Amino acid sequence: MNLGPRPRRAADSRFPMNVDTIREYCLTFADATENLQWGDELCFKVGGKIFVMLGLESVPQRMCFKCTPEKFAGLCEYEGIIPAPYLGRYKWVMLQRLDALLDEELKDLIRQSYEMVAAKAKTKAQTKAKTKAKTKRTAKPGSPDQRAHRKRERKTSEAK
């Protein structure tokens, strides 16, 4: 019995993304890494900062991500979406199940989370580098930084 071609899944269907498709998508971003933390939380990071967390052992599976304050207020009105425990004050939401949003909407929110976290991680790294450079230039005579610098200079000159 031939039922004809299988219908294609529409971009706006209610079929949920699963852990594998979310993992694939998160790892497409530049410098994105994954790490298993706190037992069963699969964390996706950029610059050492988390942008998505997936609960692997929870049934149904849950997911947390950062969003803008405007999106946060709107998303928390949806059924199945709540402020993330401990992180809600930082505008993180928790999807209590992966089908709480449409695929394309979820992908867009994951991308936005990545962009916000990546921008903050980059800014923090730049600030840290500037502070470190400034500390070296303004080291007071006899300070640990200056002593370490002199020690390196002595070792370099002795090696020659």
# chains A, B, ... in the order shown; residues from 1 in each chain; ligands from 1
$ closest_atom_pairs --of "range 97-122 of chain A" --to "range 52-61 of chain A" --cutoff "8 Å" --atoms "only C-alpha atoms" --output "CSV"
residue,atom,partner,partner_atom,distance
A:Arg97,CA,A:Pro60,CA,5.4
A:Leu98,CA,A:Gln61,CA,6.4
A:Ile110,CA,A:Val52,CA,7.1
A:Ser113,CA,A:Val52,CA,7.5
A:Tyr114,CA,A:Val52,CA,7.9
$ write_last_selection --atoms "C-alpha atoms" --output "PDB file, in the first residue's frame"
ATOM      1  CA  ARG A  97      10.325  20.908  27.482  1.00  0.00           C
ATOM      2  CA  LEU A  98      12.032  21.290  24.111  1.00  0.00           C
ATOM      3  CA  ILE A 110      20.031  30.376  20.777  1.00  0.00           C
ATOM      4  CA  SER A 113      22.171  34.070  23.439  1.00  0.00           C
ATOM      5  CA  TYR A 114      25.475  33.144  21.790  1.00  0.00           C
TER       6      TYR A 114
END
$ residues_around --residues "Val93 in chain A" --least-positions-apart "6" --cutoff "8 Å" --atoms "only C-alpha atoms" --output "compact mmCIF listing (two decimals) with N, CA and C atoms, in the first residue's frame"
# COMPACT_ATOMS: atom_id res chain seq x y z
N CYS A 64 18.14 25.82 29.07
CA CYS A 64 18.23 27.20 29.55
C CYS A 64 19.10 28.01 28.61
N PHE A 65 18.76 29.28 28.44
CA PHE A 65 19.58 30.18 27.64
C PHE A 65 19.32 31.62 28.05
N LYS A 66 20.26 32.49 27.71
CA LYS A 66 20.16 33.91 28.02
C LYS A 66 19.35 34.60 26.94
N CYS A 67 18.60 35.63 27.32
CA CYS A 67 17.85 36.41 26.34
C CYS A 67 17.82 37.88 26.75
N PHE A 72 12.77 38.20 27.47
CA PHE A 72 12.58 37.50 28.73
C PHE A 72 11.15 37.66 29.23
N LEU A 75 8.74 35.77 26.79
CA LEU A 75 8.87 34.31 26.82
C LEU A 75 8.30 33.71 28.09
N CYS A 76 8.45 34.42 29.20
CA CYS A 76 7.96 33.89 30.48
C CYS A 76 6.43 33.80 30.53
N ILE A 81 7.59 27.78 29.72
CA ILE A 81 8.81 28.59 29.82
C ILE A 81 8.75 29.39 31.12
N ILE A 82 9.82 29.27 31.91
CA ILE A 82 9.88 29.97 33.19
C ILE A 82 11.25 30.65 33.33
N PRO A 83 11.37 31.61 34.26
CA PRO A 83 12.71 32.15 34.55
C PRO A 83 13.59 31.00 35.05
N ALA A 84 14.80 30.93 34.55
CA ALA A 84 15.70 29.83 34.95
C ALA A 84 16.05 29.94 36.43
N LEU A 87 19.21 31.84 37.77
CA LEU A 87 19.72 32.69 36.69
C LEU A 87 18.68 33.65 36.13
$ select_by_dssp --residues "range 74-115 of chain A" --states "alpha helix (DSSP H)" --output "MDAnalysis selection string"
chainID A and resid 74:75 103:115
$ closest_atom_pairs --of "range 72-111 of chain A" --to "range 17-38 of chain A" --cutoff "12 Å" --atoms "only C-alpha atoms" --output "JSON lines"
{"residue": "A:Leu95", "atom": "CA", "partner": "A:Met17", "partner_atom": "CA", "distance": 12.0}
{"residue": "A:Arg97", "atom": "CA", "partner": "A:Asn18", "partner_atom": "CA", "distance": 10.1}
{"residue": "A:Leu98", "atom": "CA", "partner": "A:Met17", "partner_atom": "CA", "distance": 6.4}
{"residue": "A:Asp99", "atom": "CA", "partner": "A:Met17", "partner_atom": "CA", "distance": 7.1}
{"residue": "A:Ala100", "atom": "CA", "partner": "A:Met17", "partner_atom": "CA", "distance": 10.0}
{"residue": "A:Leu101", "atom": "CA", "partner": "A:Met17", "partner_atom": "CA", "distance": 9.2}
{"residue": "A:Leu102", "atom": "CA", "partner": "A:Met17", "partner_atom": "CA", "distance": 8.4}
{"residue": "A:Asp103", "atom": "CA", "partner": "A:Met17", "partner_atom": "CA", "distance": 6.1}
{"residue": "A:Glu104", "atom": "CA", "partner": "A:Met17", "partner_atom": "CA", "distance": 9.6}
{"residue": "A:Glu105", "atom": "CA", "partner": "A:Met17", "partner_atom": "CA", "distance": 10.9}
{"residue": "A:Leu106", "atom": "CA", "partner": "A:Met17", "partner_atom": "CA", "distance": 8.5}
{"residue": "A:Lys107", "atom": "CA", "partner": "A:Tyr25", "partner_atom": "CA", "distance": 7.8}
{"residue": "A:Asp108", "atom": "CA", "partner": "A:Tyr25", "partner_atom": "CA", "distance": 10.7}
{"residue": "A:Leu109", "atom": "CA", "partner": "A:Cys26", "partner_atom": "CA", "distance": 11.3}
{"residue": "A:Ile110", "atom": "CA", "partner": "A:Cys26", "partner_atom": "CA", "distance": 7.6}
{"residue": "A:Arg111", "atom": "CA", "partner": "A:Cys26", "partner_atom": "CA", "distance": 8.1}
$ write_last_selection --atoms "N, CA and C atoms" --output "PDB file, in the first residue's frame"
ATOM      1  N   LEU A  95      13.287  26.373  29.284  1.00  0.00           N
ATOM      2  CA  LEU A  95      12.225  25.670  28.572  1.00  0.00           C
ATOM      3  C   LEU A  95      12.015  24.371  29.331  1.00  0.00           C
ATOM      4  N   ARG A  97      10.312  21.976  28.487  1.00  0.00           N
ATOM      5  CA  ARG A  97      10.325  20.908  27.482  1.00  0.00           C
ATOM      6  C   ARG A  97      10.784  21.534  26.165  1.00  0.00           C
ATOM      7  N   LEU A  98      11.424  20.752  25.327  1.00  0.00           N
ATOM      8  CA  LEU A  98      12.032  21.290  24.111  1.00  0.00           C
ATOM      9  C   LEU A  98      11.030  21.708  23.046  1.00  0.00           C
ATOM     10  N   ASP A  99       9.771  21.311  23.195  1.00  0.00           N
ATOM     11  CA  ASP A  99       8.765  21.699  22.201  1.00  0.00           C
ATOM     12  C   ASP A  99       7.986  22.952  22.618  1.00  0.00           C
ATOM     13  N   ALA A 100       8.503  23.683  23.585  1.00  0.00           N
ATOM     14  CA  ALA A 100       7.808  24.896  24.048  1.00  0.00           C
ATOM     15  C   ALA A 100       7.870  26.012  23.009  1.00  0.00           C
ATOM     16  N   LEU A 101       8.820  25.938  22.088  1.00  0.00           N
ATOM     17  CA  LEU A 101       8.959  26.939  21.021  1.00  0.00           C
ATOM     18  C   LEU A 101       9.099  26.246  19.676  1.00  0.00           C
ATOM     19  N   LEU A 102       8.802  26.969  18.620  1.00  0.00           N
ATOM     20  CA  LEU A 102       9.014  26.463  17.270  1.00  0.00           C
ATOM     21  C   LEU A 102      10.513  26.385  16.996  1.00  0.00           C
ATOM     22  N   ASP A 103      10.900  25.471  16.113  1.00  0.00           N
ATOM     23  CA  ASP A 103      12.323  25.272  15.808  1.00  0.00           C
ATOM     24  C   ASP A 103      13.029  26.558  15.423  1.00  0.00           C
ATOM     25  N   GLU A 104      12.487  27.285  14.468  1.00  0.00           N
ATOM     26  CA  GLU A 104      13.149  28.494  13.974  1.00  0.00           C
ATOM     27  C   GLU A 104      13.250  29.568  15.055  1.00  0.00           C
ATOM     28  N   GLU A 105      12.222  29.679  15.867  1.00  0.00           N
ATOM     29  CA  GLU A 105      12.249  30.647  16.959  1.00  0.00           C
ATOM     30  C   GLU A 105      13.315  30.255  17.984  1.00  0.00           C
ATOM     31  N   LEU A 106      13.401  28.968  18.283  1.00  0.00           N
ATOM     32  CA  LEU A 106      14.393  28.481  19.225  1.00  0.00           C
ATOM     33  C   LEU A 106      15.810  28.710  18.688  1.00  0.00           C
ATOM     34  N   LYS A 107      16.028  28.421  17.425  1.00  0.00           N
ATOM     35  CA  LYS A 107      17.346  28.657  16.820  1.00  0.00           C
ATOM     36  C   LYS A 107      17.723  30.133  16.899  1.00  0.00           C
ATOM     37  N   ASP A 108      16.773  31.002  16.632  1.00  0.00           N
ATOM     38  CA  ASP A 108      17.032  32.440  16.681  1.00  0.00           C
ATOM     39  C   ASP A 108      17.402  32.869  18.104  1.00  0.00           C
ATOM     40  N   LEU A 109      16.713  32.341  19.092  1.00  0.00           N
ATOM     41  CA  LEU A 109      17.002  32.683  20.484  1.00  0.00           C
ATOM     42  C   LEU A 109      18.353  32.126  20.933  1.00  0.00           C
ATOM     43  N   ILE A 110      18.711  30.942  20.470  1.00  0.00           N
ATOM     44  CA  ILE A 110      20.031  30.376  20.777  1.00  0.00           C
ATOM     45  C   ILE A 110      21.117  31.256  20.168  1.00  0.00           C
ATOM     46  N   ARG A 111      20.915  31.680  18.925  1.00  0.00           N
ATOM     47  CA  ARG A 111      21.883  32.563  18.256  1.00  0.00           C
ATOM     48  C   ARG A 111      22.045  33.869  19.022  1.00  0.00           C
TER      49      ARG A 111
END
$ atom_distance --atom1 "CA of Ala73 in chain A" --atom2 "CA of Leu42 in chain A"
25.3 Å
$ atom_distance --atom1 "CA of Gly74 in chain A" --atom2 "CA of Cys43 in chain A"
24.3 Å
$ atom_distance --atom1 "CA of Glu41 in chain A" --atom2 "CA of Val117 in chain A"
18.1 Å
$ closest_residue --among "A:Met116, A:Asp40, A:Lys122, A:Lys151" --to "Met63 in chain A" --atoms "only C-alpha atoms"
A:Asp40
